[in-house]
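Data file: start-v5.txt. Format and content: compact mmCIF, N, CA and C atoms.
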```txt
# COMPACT_ATOMS: atom_id res chain seq x y z
N MET A 112 26.29 -33.76 42.51
CA MET A 112 25.39 -33.02 43.38
C MET A 112 24.42 -34.01 44.02
N GLU A 113 24.12 -33.78 45.24
CA GLU A 113 23.22 -34.64 46.01
C GLU A 113 21.78 -34.50 45.51
N ILE A 114 21.07 -35.60 45.45
CA ILE A 114 19.68 -35.60 45.01
C ILE A 114 18.81 -34.76 45.93
N SER A 115 19.13 -34.73 47.21
CA SER A 115 18.34 -33.93 48.16
C SER A 115 18.48 -32.43 47.84
N GLU A 116 19.67 -32.02 47.44
CA GLU A 116 19.89 -30.61 47.07
C GLU A 116 19.14 -30.27 45.78
N VAL A 117 19.15 -31.18 44.81
CA VAL A 117 18.45 -30.97 43.54
C VAL A 117 16.95 -30.85 43.81
N ARG A 118 16.41 -31.75 44.61
CA ARG A 118 14.97 -31.72 44.92
C ARG A 118 14.60 -30.45 45.68
N LYS A 119 15.44 -30.04 46.61
CA LYS A 119 15.19 -28.84 47.40
C LYS A 119 15.13 -27.61 46.49
N ARG A 120 16.06 -27.52 45.58
CA ARG A 120 16.10 -26.38 44.66
C ARG A 120 14.93 -26.43 43.68
N LEU A 121 14.58 -27.62 43.24
CA LEU A 121 13.43 -27.78 42.35
C LEU A 121 12.15 -27.35 43.05
N LEU A 122 11.95 -27.79 44.28
CA LEU A 122 10.75 -27.39 45.02
C LEU A 122 10.70 -25.88 45.24
N GLY A 123 11.85 -25.27 45.49
CA GLY A 123 11.91 -23.82 45.63
C GLY A 123 11.50 -23.11 44.34
N THR A 124 11.96 -23.65 43.22
CA THR A 124 11.60 -23.08 41.92
C THR A 124 10.11 -23.22 41.66
N ILE A 125 9.55 -24.38 41.96
CA ILE A 125 8.12 -24.62 41.78
C ILE A 125 7.31 -23.64 42.63
N GLU A 126 7.70 -23.47 43.86
CA GLU A 126 6.98 -22.58 44.77
C GLU A 126 7.05 -21.12 44.29
N ARG A 127 8.23 -20.67 43.87
CA ARG A 127 8.36 -19.30 43.37
C ARG A 127 7.52 -19.11 42.11
N SER A 128 7.49 -20.10 41.26
CA SER A 128 6.70 -20.03 40.04
C SER A 128 5.21 -19.94 40.35
N ARG A 129 4.74 -20.73 41.29
CA ARG A 129 3.33 -20.69 41.68
C ARG A 129 2.95 -19.34 42.28
N GLN A 130 3.82 -18.80 43.13
CA GLN A 130 3.56 -17.49 43.72
C GLN A 130 3.51 -16.40 42.66
N ALA A 131 4.46 -16.45 41.72
CA ALA A 131 4.49 -15.45 40.65
C ALA A 131 3.23 -15.54 39.79
N ALA A 132 2.78 -16.75 39.49
CA ALA A 132 1.57 -16.94 38.70
C ALA A 132 0.34 -16.41 39.43
N ALA A 133 0.26 -16.66 40.73
CA ALA A 133 -0.87 -16.16 41.52
C ALA A 133 -0.86 -14.63 41.56
N GLU A 134 0.31 -14.04 41.73
CA GLU A 134 0.41 -12.58 41.74
C GLU A 134 0.04 -12.01 40.38
N ARG A 135 0.48 -12.66 39.31
CA ARG A 135 0.15 -12.19 37.97
C ARG A 135 -1.36 -12.26 37.73
N ARG A 136 -1.99 -13.37 38.14
CA ARG A 136 -3.44 -13.50 37.97
C ARG A 136 -4.18 -12.40 38.73
N ALA A 137 -3.74 -12.11 39.94
CA ALA A 137 -4.37 -11.05 40.73
C ALA A 137 -4.18 -9.69 40.05
N HIS A 138 -3.00 -9.46 39.51
CA HIS A 138 -2.71 -8.21 38.81
C HIS A 138 -3.57 -8.08 37.54
N VAL A 139 -3.72 -9.17 36.81
CA VAL A 139 -4.55 -9.17 35.60
C VAL A 139 -6.02 -8.93 35.96
N ASP A 140 -6.48 -9.56 37.02
CA ASP A 140 -7.87 -9.34 37.46
C ASP A 140 -8.12 -7.87 37.82
N GLU A 141 -7.18 -7.27 38.53
CA GLU A 141 -7.30 -5.87 38.90
C GLU A 141 -7.28 -4.98 37.66
N ALA A 142 -6.37 -5.25 36.73
CA ALA A 142 -6.30 -4.46 35.50
C ALA A 142 -7.57 -4.62 34.67
N THR A 143 -8.13 -5.82 34.65
CA THR A 143 -9.36 -6.06 33.90
C THR A 143 -10.52 -5.26 34.49
N ARG A 144 -10.61 -5.23 35.80
CA ARG A 144 -11.66 -4.43 36.46
C ARG A 144 -11.47 -2.94 36.13
N ASP A 145 -10.23 -2.45 36.27
CA ASP A 145 -9.94 -1.05 35.96
C ASP A 145 -10.24 -0.74 34.50
N TYR A 146 -9.94 -1.68 33.61
CA TYR A 146 -10.15 -1.47 32.19
C TYR A 146 -11.64 -1.39 31.85
N GLU A 147 -12.46 -2.20 32.49
CA GLU A 147 -13.91 -2.14 32.27
C GLU A 147 -14.45 -0.77 32.67
N ILE A 148 -13.97 -0.24 33.78
CA ILE A 148 -14.38 1.10 34.22
C ILE A 148 -13.89 2.15 33.23
N PHE A 149 -12.65 2.01 32.77
CA PHE A 149 -12.07 2.91 31.78
C PHE A 149 -12.90 2.91 30.49
N LEU A 150 -13.29 1.73 30.03
CA LEU A 150 -14.12 1.65 28.82
C LEU A 150 -15.44 2.38 29.03
N GLU A 151 -16.10 2.08 30.14
CA GLU A 151 -17.43 2.62 30.41
C GLU A 151 -17.42 4.14 30.59
N ARG A 152 -16.42 4.65 31.28
CA ARG A 152 -16.42 6.08 31.64
C ARG A 152 -15.65 6.97 30.67
N ILE A 153 -14.64 6.44 30.00
CA ILE A 153 -13.79 7.28 29.17
C ILE A 153 -13.83 6.88 27.70
N ALA A 154 -13.41 5.68 27.39
CA ALA A 154 -13.17 5.30 26.00
C ALA A 154 -14.44 5.24 25.16
N VAL A 155 -15.45 4.52 25.60
CA VAL A 155 -16.67 4.37 24.79
C VAL A 155 -17.36 5.71 24.56
N PRO A 156 -17.57 6.54 25.60
CA PRO A 156 -18.20 7.85 25.35
C PRO A 156 -17.38 8.71 24.38
N LEU A 157 -16.06 8.69 24.51
CA LEU A 157 -15.21 9.48 23.63
C LEU A 157 -15.27 8.96 22.19
N PHE A 158 -15.25 7.65 22.00
CA PHE A 158 -15.36 7.07 20.67
C PHE A 158 -16.72 7.43 20.05
N ARG A 159 -17.77 7.45 20.85
CA ARG A 159 -19.10 7.81 20.33
C ARG A 159 -19.15 9.28 19.92
N GLN A 160 -18.52 10.15 20.71
CA GLN A 160 -18.45 11.56 20.35
C GLN A 160 -17.70 11.73 19.02
N LEU A 161 -16.61 11.02 18.88
CA LEU A 161 -15.83 11.10 17.64
C LEU A 161 -16.63 10.58 16.45
N ALA A 162 -17.34 9.48 16.62
CA ALA A 162 -18.15 8.93 15.53
C ALA A 162 -19.21 9.92 15.09
N ASN A 163 -19.87 10.57 16.05
CA ASN A 163 -20.90 11.57 15.71
C ASN A 163 -20.28 12.76 14.98
N ALA A 164 -19.13 13.22 15.44
CA ALA A 164 -18.47 14.35 14.78
C ALA A 164 -18.00 13.96 13.38
N LEU A 165 -17.48 12.76 13.24
CA LEU A 165 -17.04 12.29 11.92
C LEU A 165 -18.21 12.21 10.95
N LYS A 166 -19.34 11.67 11.42
CA LYS A 166 -20.53 11.58 10.56
C LYS A 166 -21.00 12.96 10.13
N ALA A 167 -20.96 13.91 11.05
CA ALA A 167 -21.38 15.27 10.74
C ALA A 167 -20.52 15.91 9.66
N HIS A 168 -19.29 15.45 9.53
CA HIS A 168 -18.36 15.99 8.53
C HIS A 168 -18.21 15.07 7.31
N GLY A 169 -19.11 14.12 7.17
CA GLY A 169 -19.14 13.29 5.98
C GLY A 169 -18.26 12.06 6.01
N TYR A 170 -17.83 11.65 7.19
CA TYR A 170 -17.03 10.44 7.34
C TYR A 170 -17.84 9.43 8.16
N PRO A 171 -18.49 8.49 7.50
CA PRO A 171 -19.36 7.56 8.23
C PRO A 171 -18.58 6.51 9.01
N PHE A 172 -18.54 6.67 10.31
CA PHE A 172 -17.91 5.72 11.23
C PHE A 172 -18.92 5.30 12.27
N GLN A 173 -18.78 4.08 12.76
CA GLN A 173 -19.63 3.57 13.83
C GLN A 173 -18.75 3.06 14.96
N VAL A 174 -19.33 2.99 16.15
CA VAL A 174 -18.64 2.46 17.32
C VAL A 174 -19.17 1.07 17.62
N PHE A 175 -18.25 0.16 17.85
CA PHE A 175 -18.58 -1.21 18.25
C PHE A 175 -17.85 -1.50 19.56
N THR A 176 -18.48 -2.30 20.39
CA THR A 176 -17.85 -2.66 21.67
C THR A 176 -17.82 -4.18 21.82
N PRO A 177 -17.02 -4.84 20.97
CA PRO A 177 -16.92 -6.30 21.11
C PRO A 177 -16.12 -6.64 22.36
N GLY A 178 -16.51 -7.67 23.07
CA GLY A 178 -15.90 -8.16 24.30
C GLY A 178 -14.61 -7.52 24.77
N GLY A 179 -14.72 -6.55 25.63
CA GLY A 179 -13.55 -5.97 26.27
C GLY A 179 -12.74 -5.02 25.40
N SER A 180 -13.36 -4.46 24.38
CA SER A 180 -12.65 -3.48 23.55
C SER A 180 -13.65 -2.47 23.02
N VAL A 181 -13.13 -1.43 22.39
CA VAL A 181 -13.97 -0.45 21.72
C VAL A 181 -13.33 -0.17 20.37
N ARG A 182 -14.18 -0.13 19.33
CA ARG A 182 -13.67 0.02 17.96
C ARG A 182 -14.46 1.09 17.23
N LEU A 183 -13.75 2.00 16.61
CA LEU A 183 -14.31 3.01 15.74
C LEU A 183 -14.03 2.55 14.31
N MET A 184 -15.09 2.15 13.59
CA MET A 184 -14.91 1.50 12.29
C MET A 184 -15.66 2.26 11.20
N SER A 185 -15.02 2.35 10.05
CA SER A 185 -15.62 3.00 8.90
C SER A 185 -16.79 2.18 8.37
N ASP A 186 -17.85 2.89 7.95
CA ASP A 186 -18.98 2.22 7.31
C ASP A 186 -18.63 1.79 5.90
N ARG A 187 -17.62 2.41 5.33
CA ARG A 187 -17.24 2.12 3.95
C ARG A 187 -16.39 0.86 3.81
N ASN A 188 -15.59 0.58 4.83
CA ASN A 188 -14.68 -0.55 4.73
C ASN A 188 -14.38 -1.09 6.13
N ALA A 189 -14.62 -2.35 6.34
CA ALA A 189 -14.41 -2.97 7.65
C ALA A 189 -12.93 -3.04 8.04
N GLU A 190 -12.03 -2.86 7.08
CA GLU A 190 -10.59 -2.89 7.38
C GLU A 190 -10.10 -1.55 7.92
N ASP A 191 -10.92 -0.52 7.88
CA ASP A 191 -10.55 0.80 8.37
C ASP A 191 -11.12 1.00 9.77
N PHE A 192 -10.24 0.92 10.77
CA PHE A 192 -10.71 1.07 12.14
C PHE A 192 -9.59 1.51 13.07
N VAL A 193 -10.01 2.00 14.22
CA VAL A 193 -9.13 2.32 15.34
C VAL A 193 -9.78 1.68 16.55
N GLU A 194 -8.99 0.98 17.37
CA GLU A 194 -9.58 0.31 18.54
C GLU A 194 -8.63 0.32 19.73
N LEU A 195 -9.21 0.11 20.89
CA LEU A 195 -8.47 -0.05 22.14
C LEU A 195 -8.84 -1.40 22.72
N LEU A 196 -7.83 -2.07 23.29
CA LEU A 196 -8.08 -3.34 23.96
C LEU A 196 -7.05 -3.55 25.06
N LEU A 197 -7.34 -4.46 25.96
CA LEU A 197 -6.43 -4.79 27.05
C LEU A 197 -5.71 -6.08 26.69
N ASP A 198 -4.39 -6.00 26.61
CA ASP A 198 -3.57 -7.17 26.30
C ASP A 198 -3.01 -7.73 27.61
N THR A 199 -3.44 -8.93 27.94
CA THR A 199 -2.99 -9.57 29.18
C THR A 199 -2.03 -10.72 28.91
N SER A 200 -1.52 -10.82 27.70
CA SER A 200 -0.66 -11.95 27.36
C SER A 200 0.77 -11.79 27.84
N GLY A 201 1.21 -10.57 28.09
CA GLY A 201 2.58 -10.33 28.52
C GLY A 201 2.73 -10.42 30.03
N SER A 202 3.88 -10.00 30.50
CA SER A 202 4.13 -10.05 31.94
C SER A 202 3.31 -9.01 32.69
N GLU A 203 2.97 -7.89 32.02
CA GLU A 203 2.13 -6.84 32.59
C GLU A 203 0.93 -6.62 31.67
N PRO A 204 -0.27 -6.44 32.20
CA PRO A 204 -1.40 -6.08 31.35
C PRO A 204 -1.17 -4.67 30.77
N VAL A 205 -1.46 -4.50 29.49
CA VAL A 205 -1.20 -3.24 28.80
C VAL A 205 -2.40 -2.87 27.93
N VAL A 206 -2.76 -1.58 27.96
CA VAL A 206 -3.80 -1.09 27.06
C VAL A 206 -3.13 -0.82 25.72
N ILE A 207 -3.66 -1.47 24.68
CA ILE A 207 -3.11 -1.39 23.34
C ILE A 207 -4.06 -0.61 22.45
N GLY A 208 -3.52 0.28 21.68
CA GLY A 208 -4.27 0.96 20.64
C GLY A 208 -3.86 0.37 19.31
N ARG A 209 -4.85 -0.05 18.53
CA ARG A 209 -4.58 -0.64 17.22
C ARG A 209 -5.32 0.14 16.15
N SER A 210 -4.71 0.18 14.98
CA SER A 210 -5.41 0.78 13.85
C SER A 210 -5.14 -0.05 12.61
N SER A 211 -6.07 0.04 11.69
CA SER A 211 -5.95 -0.69 10.44
C SER A 211 -6.58 0.17 9.35
N ARG A 212 -5.95 0.15 8.17
CA ARG A 212 -6.55 0.85 7.05
C ARG A 212 -6.20 0.13 5.77
N LEU A 213 -7.11 0.19 4.85
CA LEU A 213 -6.94 -0.44 3.56
C LEU A 213 -6.33 0.59 2.62
N ARG A 214 -5.24 0.21 1.99
CA ARG A 214 -4.54 1.06 1.02
C ARG A 214 -4.38 0.24 -0.25
N GLY A 215 -5.28 0.43 -1.19
CA GLY A 215 -5.27 -0.43 -2.37
C GLY A 215 -5.69 -1.83 -1.96
N ARG A 216 -4.80 -2.79 -2.21
CA ARG A 216 -5.07 -4.16 -1.76
C ARG A 216 -4.36 -4.51 -0.47
N ARG A 217 -3.55 -3.61 0.01
CA ARG A 217 -2.80 -3.86 1.24
C ARG A 217 -3.56 -3.36 2.46
N VAL A 218 -3.42 -4.09 3.54
CA VAL A 218 -3.96 -3.66 4.82
C VAL A 218 -2.78 -3.21 5.67
N ILE A 219 -2.81 -1.96 6.10
CA ILE A 219 -1.74 -1.40 6.91
C ILE A 219 -2.22 -1.38 8.36
N GLU A 220 -1.50 -2.08 9.21
CA GLU A 220 -1.88 -2.15 10.62
C GLU A 220 -0.79 -1.55 11.49
N ALA A 221 -1.22 -0.93 12.57
CA ALA A 221 -0.28 -0.37 13.54
C ALA A 221 -0.80 -0.69 14.94
N GLU A 222 0.12 -0.78 15.87
CA GLU A 222 -0.25 -1.11 17.24
C GLU A 222 0.72 -0.42 18.17
N ARG A 223 0.20 0.18 19.24
CA ARG A 223 1.08 0.79 20.23
C ARG A 223 0.43 0.78 21.61
N SER A 224 1.28 0.84 22.59
CA SER A 224 0.82 0.81 23.98
C SER A 224 0.39 2.21 24.42
N LEU A 225 -0.72 2.26 25.12
CA LEU A 225 -1.14 3.51 25.74
C LEU A 225 -0.71 3.56 27.20
N GLY A 226 -0.30 2.42 27.74
CA GLY A 226 0.19 2.37 29.11
C GLY A 226 -0.26 1.13 29.84
N SER A 227 0.50 0.78 30.88
CA SER A 227 0.16 -0.41 31.62
C SER A 227 -0.69 -0.10 32.86
N ALA A 228 -0.65 1.13 33.32
CA ALA A 228 -1.49 1.51 34.46
C ALA A 228 -2.80 2.06 33.89
N VAL A 229 -3.80 1.21 33.81
CA VAL A 229 -5.07 1.57 33.18
C VAL A 229 -5.65 2.81 33.84
N SER A 230 -5.58 2.89 35.14
CA SER A 230 -6.18 4.02 35.85
C SER A 230 -5.46 5.34 35.56
N ALA A 231 -4.26 5.29 34.99
CA ALA A 231 -3.51 6.50 34.69
C ALA A 231 -3.79 7.04 33.29
N ILE A 232 -4.51 6.29 32.47
CA ILE A 232 -4.81 6.72 31.11
C ILE A 232 -6.04 7.62 31.15
N ASP A 233 -5.89 8.82 30.60
CA ASP A 233 -7.00 9.78 30.65
C ASP A 233 -7.57 10.05 29.25
N GLU A 234 -8.63 10.84 29.24
CA GLU A 234 -9.31 11.17 27.98
C GLU A 234 -8.37 11.80 26.97
N GLU A 235 -7.50 12.67 27.43
CA GLU A 235 -6.59 13.38 26.54
C GLU A 235 -5.66 12.41 25.81
N GLN A 236 -5.14 11.42 26.50
CA GLN A 236 -4.28 10.43 25.86
C GLN A 236 -5.05 9.63 24.82
N VAL A 237 -6.26 9.24 25.17
CA VAL A 237 -7.09 8.46 24.24
C VAL A 237 -7.42 9.31 23.01
N LEU A 238 -7.83 10.55 23.23
CA LEU A 238 -8.16 11.42 22.12
C LEU A 238 -6.95 11.65 21.22
N ALA A 239 -5.79 11.90 21.79
CA ALA A 239 -4.58 12.13 21.00
C ALA A 239 -4.26 10.90 20.16
N PHE A 240 -4.38 9.72 20.75
CA PHE A 240 -4.11 8.50 20.00
C PHE A 240 -5.08 8.34 18.84
N VAL A 241 -6.37 8.46 19.12
CA VAL A 241 -7.38 8.23 18.08
C VAL A 241 -7.24 9.25 16.96
N LEU A 242 -7.04 10.51 17.31
CA LEU A 242 -6.90 11.53 16.27
C LEU A 242 -5.68 11.28 15.40
N SER A 243 -4.58 10.88 16.00
CA SER A 243 -3.38 10.61 15.19
C SER A 243 -3.60 9.42 14.26
N GLU A 244 -4.35 8.43 14.71
CA GLU A 244 -4.61 7.25 13.88
C GLU A 244 -5.70 7.51 12.83
N LEU A 245 -6.55 8.50 13.06
CA LEU A 245 -7.60 8.83 12.10
C LEU A 245 -7.09 9.67 10.92
N GLU A 246 -5.96 10.32 11.08
CA GLU A 246 -5.45 11.20 10.02
C GLU A 246 -5.47 10.57 8.63
N PRO A 247 -4.94 9.35 8.46
CA PRO A 247 -4.97 8.78 7.10
C PRO A 247 -6.40 8.51 6.58
N HIS A 248 -7.34 8.35 7.49
CA HIS A 248 -8.73 8.07 7.08
C HIS A 248 -9.47 9.30 6.63
N VAL A 249 -9.02 10.46 7.06
CA VAL A 249 -9.74 11.70 6.76
C VAL A 249 -8.94 12.66 5.87
N GLU A 250 -7.89 12.20 5.26
CA GLU A 250 -7.02 13.09 4.50
C GLU A 250 -7.51 13.40 3.09
N ARG A 251 -8.55 12.78 2.66
CA ARG A 251 -8.99 12.96 1.27
C ARG A 251 -9.06 14.34 0.81
```
Give the structure from the file, written as structure tokens.
Amino acid sequence: MEISEVRKRLLGTIERSRQAAAERRAHVDEATRDYEIFLERIAVPLFRQLANALKAHGYPFQVFTPGGSVRLMSDRNAEDFVELLLDTSGSEPVVIGRSSRLRGRRVIEAERSLGSAVSAIDEEQVLAFVLSELEPHVER
């Protein structure tokens, strides 16, 4: 194969890669902006409502908002929590719901996607996720 053909194809690959990276960065920036609005308007207020209701029923939970996420955590054990965060490590930014609970000496963790279109995730989806993940914490 001619060196000129190899170089031409290599330059084409480099250019496509740069364009894809620029598009991905723009997509991640947009998702991050949408996610901040989602946290402020939907997730954090809903998590606070749940924490207040849980406390009223004898389940002490608090809400924390560490950098770009929201976490509903038990006052009794730091390993017992439900949280939402934006995962930008993959090809598409995705809102991830994570939960963790202590069972004896084992920590049981679960993680699932709530969706990649942040603006399409509504209160009902968030509430359904959190309630399903809270079941083991309130089953006593």
Find, counting only N, CA and C atoms, the residue in A:Ala154, A:Asp198, A:Arg144, A:Phe172 that gets nearest to Asp233 of chain A.
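Checking each candidate against Asp233 of chain A, we get A:Ala154 as the closest.
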As a VMD selection string, please: every residue in chain A that DSSP puts in strand (DSSP E).
chain A and resid 172 to 175 180 to 185 192 to 198 205 to 214 217 to 226
Would you output that residue set with N, CA and C atoms, as a short mmCIF file (atom, residue, chain, number, x, y, z; two decimals), keeping the file's coordinate frame?
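Once written, result.cif looks like this:
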```cif
data_model
loop_
_atom_site.label_atom_id
_atom_site.label_comp_id
_atom_site.auth_asym_id
_atom_site.auth_seq_id
_atom_site.Cartn_x
_atom_site.Cartn_y
_atom_site.Cartn_z
N PHE A 172 -18.54 6.67 10.31
CA PHE A 172 -17.91 5.72 11.23
C PHE A 172 -18.92 5.30 12.27
N GLN A 173 -18.78 4.08 12.76
CA GLN A 173 -19.63 3.57 13.83
C GLN A 173 -18.75 3.06 14.96
N VAL A 174 -19.33 2.99 16.15
CA VAL A 174 -18.64 2.46 17.32
C VAL A 174 -19.17 1.07 17.62
N PHE A 175 -18.25 0.16 17.85
CA PHE A 175 -18.58 -1.21 18.25
C PHE A 175 -17.85 -1.50 19.56
N SER A 180 -13.36 -4.46 24.38
CA SER A 180 -12.65 -3.48 23.55
C SER A 180 -13.65 -2.47 23.02
N VAL A 181 -13.13 -1.43 22.39
CA VAL A 181 -13.97 -0.45 21.72
C VAL A 181 -13.33 -0.17 20.37
N ARG A 182 -14.18 -0.13 19.33
CA ARG A 182 -13.67 0.02 17.96
C ARG A 182 -14.46 1.09 17.23
N LEU A 183 -13.75 2.00 16.61
CA LEU A 183 -14.31 3.01 15.74
C LEU A 183 -14.03 2.55 14.31
N MET A 184 -15.09 2.15 13.59
CA MET A 184 -14.91 1.50 12.29
C MET A 184 -15.66 2.26 11.20
N SER A 185 -15.02 2.35 10.05
CA SER A 185 -15.62 3.00 8.90
C SER A 185 -16.79 2.18 8.37
N PHE A 192 -10.24 0.92 10.77
CA PHE A 192 -10.71 1.07 12.14
C PHE A 192 -9.59 1.51 13.07
N VAL A 193 -10.01 2.00 14.22
CA VAL A 193 -9.13 2.32 15.34
C VAL A 193 -9.78 1.68 16.55
N GLU A 194 -8.99 0.98 17.37
CA GLU A 194 -9.58 0.31 18.54
C GLU A 194 -8.63 0.32 19.73
N LEU A 195 -9.21 0.11 20.89
CA LEU A 195 -8.47 -0.05 22.14
C LEU A 195 -8.84 -1.40 22.72
N LEU A 196 -7.83 -2.07 23.29
CA LEU A 196 -8.08 -3.34 23.96
C LEU A 196 -7.05 -3.55 25.06
N LEU A 197 -7.34 -4.46 25.96
CA LEU A 197 -6.43 -4.79 27.05
C LEU A 197 -5.71 -6.08 26.69
N ASP A 198 -4.39 -6.00 26.61
CA ASP A 198 -3.57 -7.17 26.30
C ASP A 198 -3.01 -7.73 27.61
N VAL A 205 -1.46 -4.50 29.49
CA VAL A 205 -1.20 -3.24 28.80
C VAL A 205 -2.40 -2.87 27.93
N VAL A 206 -2.76 -1.58 27.96
CA VAL A 206 -3.80 -1.09 27.06
C VAL A 206 -3.13 -0.82 25.72
N ILE A 207 -3.66 -1.47 24.68
CA ILE A 207 -3.11 -1.39 23.34
C ILE A 207 -4.06 -0.61 22.45
N GLY A 208 -3.52 0.28 21.68
CA GLY A 208 -4.27 0.96 20.64
C GLY A 208 -3.86 0.37 19.31
N ARG A 209 -4.85 -0.05 18.53
CA ARG A 209 -4.58 -0.64 17.22
C ARG A 209 -5.32 0.14 16.15
N SER A 210 -4.71 0.18 14.98
CA SER A 210 -5.41 0.78 13.85
C SER A 210 -5.14 -0.05 12.61
N SER A 211 -6.07 0.04 11.69
CA SER A 211 -5.95 -0.69 10.44
C SER A 211 -6.58 0.17 9.35
N ARG A 212 -5.95 0.15 8.17
CA ARG A 212 -6.55 0.85 7.05
C ARG A 212 -6.20 0.13 5.77
N LEU A 213 -7.11 0.19 4.85
CA LEU A 213 -6.94 -0.44 3.56
C LEU A 213 -6.33 0.59 2.62
N ARG A 214 -5.24 0.21 1.99
CA ARG A 214 -4.54 1.06 1.02
C ARG A 214 -4.38 0.24 -0.25
N ARG A 217 -3.55 -3.61 0.01
CA ARG A 217 -2.80 -3.86 1.24
C ARG A 217 -3.56 -3.36 2.46
N VAL A 218 -3.42 -4.09 3.54
CA VAL A 218 -3.96 -3.66 4.82
C VAL A 218 -2.78 -3.21 5.67
N ILE A 219 -2.81 -1.96 6.10
CA ILE A 219 -1.74 -1.40 6.91
C ILE A 219 -2.22 -1.38 8.36
N GLU A 220 -1.50 -2.08 9.21
CA GLU A 220 -1.88 -2.15 10.62
C GLU A 220 -0.79 -1.55 11.49
N ALA A 221 -1.22 -0.93 12.57
CA ALA A 221 -0.28 -0.37 13.54
C ALA A 221 -0.80 -0.69 14.94
N GLU A 222 0.12 -0.78 15.87
CA GLU A 222 -0.25 -1.11 17.24
C GLU A 222 0.72 -0.42 18.17
N ARG A 223 0.20 0.18 19.24
CA ARG A 223 1.08 0.79 20.23
C ARG A 223 0.43 0.78 21.61
N SER A 224 1.28 0.84 22.59
CA SER A 224 0.82 0.81 23.98
C SER A 224 0.39 2.21 24.42
N LEU A 225 -0.72 2.26 25.12
CA LEU A 225 -1.14 3.51 25.74
C LEU A 225 -0.71 3.56 27.20
N GLY A 226 -0.30 2.42 27.74
CA GLY A 226 0.19 2.37 29.11
C GLY A 226 -0.26 1.13 29.84
#
```
Counting only C-alpha atoms, which of A:Ser227, A:Ser243, A:Ser211, A:Gln236 gets nearest to His138 of chain A?
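Looking only at the distances to His138 of chain A, the closest residue turns out to be A:Ser227.
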Could you list, as a PDB file with N, CA and C atoms, keeping the file's coordinate frame, every residue within 8 Å of Asp145 of chain A, counting all atoms listed in the file and ignoring same-chain residues fewer than 6 positions away?
```pdb
ATOM      1  N   VAL A 139      -3.720  -9.170  36.810  1.00  0.00           N
ATOM      2  CA  VAL A 139      -4.550  -9.170  35.600  1.00  0.00           C
ATOM      3  C   VAL A 139      -6.020  -8.930  35.960  1.00  0.00           C
ATOM      4  N   GLU A 151     -16.100   2.080  30.140  1.00  0.00           N
ATOM      5  CA  GLU A 151     -17.430   2.620  30.410  1.00  0.00           C
ATOM      6  C   GLU A 151     -17.420   4.140  30.590  1.00  0.00           C
ATOM      7  N   ALA A 228      -0.650   1.130  33.320  1.00  0.00           N
ATOM      8  CA  ALA A 228      -1.490   1.510  34.460  1.00  0.00           C
ATOM      9  C   ALA A 228      -2.800   2.060  33.890  1.00  0.00           C
ATOM     10  N   VAL A 229      -3.800   1.210  33.810  1.00  0.00           N
ATOM     11  CA  VAL A 229      -5.070   1.570  33.180  1.00  0.00           C
ATOM     12  C   VAL A 229      -5.650   2.810  33.840  1.00  0.00           C
ATOM     13  N   SER A 230      -5.580   2.890  35.140  1.00  0.00           N
ATOM     14  CA  SER A 230      -6.180   4.020  35.850  1.00  0.00           C
ATOM     15  C   SER A 230      -5.460   5.340  35.560  1.00  0.00           C
TER      16      SER A 230
END
```
Which residues are close to Glu234 of chain A, i.e. within 12 Å by only C-alpha atoms, leaving aside same-chain residues fewer than 2 positions away? Reply as a ChimeraX atom specification.
/A:149-150,152-158,160,225,229-232,236-242
Pairwise distance for atom CA of Leu122 of chain A and atom N of Glu203 of chain A, rounded to one decimal in Å:
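Rounded to one decimal, the two atoms are 24.7 Å apart.
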Where in segment 195-242 of chain A does DSSP assign helix (DSSP H, G or I), given as JSON, numbers by chain?
{"A": [229, 230, 231, 234, 235, 236, 237, 238, 239, 240, 241, 242]}
Rounded to one decimal in Å, what is the spacing between atom C of Met184 of chain A and atom N of Val205 of chain A?
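Computed distance, atom C of Met184 of chain A to atom N of Val205 of chain A, equals 24.1 Å.
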Between atom N of Thr199 of chain A and atom CA of Gly178 of chain A, what distance in Å does the model show, to one decimal?
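Computing it gives 13.0 Å between the two atoms.
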Enclose all atoms of segment 222-236 of chain A listed in the file in an axis-aligned box, grow every side by 6 Å, and hand back centre and edge lengths in Å to one decimal, as JSON.
```
{"center_x": -4.0, "center_y": 6.1, "center_z": 25.9, "size_x": 22.6, "size_y": 26.5, "size_z": 32.0}
```
Excluding Gly179 of chain A and its own-chain neighbours fewer than 4 positions away, which residues fall within 6.5 Å of it when counting only N, CA and C atoms? Please give them as an NGL selection string.
:A and (195-197)
I'd like the neighbourhood of Glu222 of chain A as an MDAnalysis selection string, where a residue qualifies if any of its atoms comes within 7 Å (using only N, CA and C atoms), though same-chain residues fewer than 6 positions away should be ignored.
chainID A and resid 207:210
Grab the residues selected above and save them as a compact mmCIF listing (two decimals), in the coordinates of the input with N, CA and C atoms.
```
# COMPACT_ATOMS: atom_id res chain seq x y z
N ILE A 207 -3.66 -1.47 24.68
CA ILE A 207 -3.11 -1.39 23.34
C ILE A 207 -4.06 -0.61 22.45
N GLY A 208 -3.52 0.28 21.68
CA GLY A 208 -4.27 0.96 20.64
C GLY A 208 -3.86 0.37 19.31
N ARG A 209 -4.85 -0.05 18.53
CA ARG A 209 -4.58 -0.64 17.22
C ARG A 209 -5.32 0.14 16.15
N SER A 210 -4.71 0.18 14.98
CA SER A 210 -5.41 0.78 13.85
C SER A 210 -5.14 -0.05 12.61
```
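Nearest residue to Leu183 of chain A, choosing from A:Glu244, A:Arg216, A:Thr143, A:Lys119 and counting only C-alpha atoms: A:Glu244.
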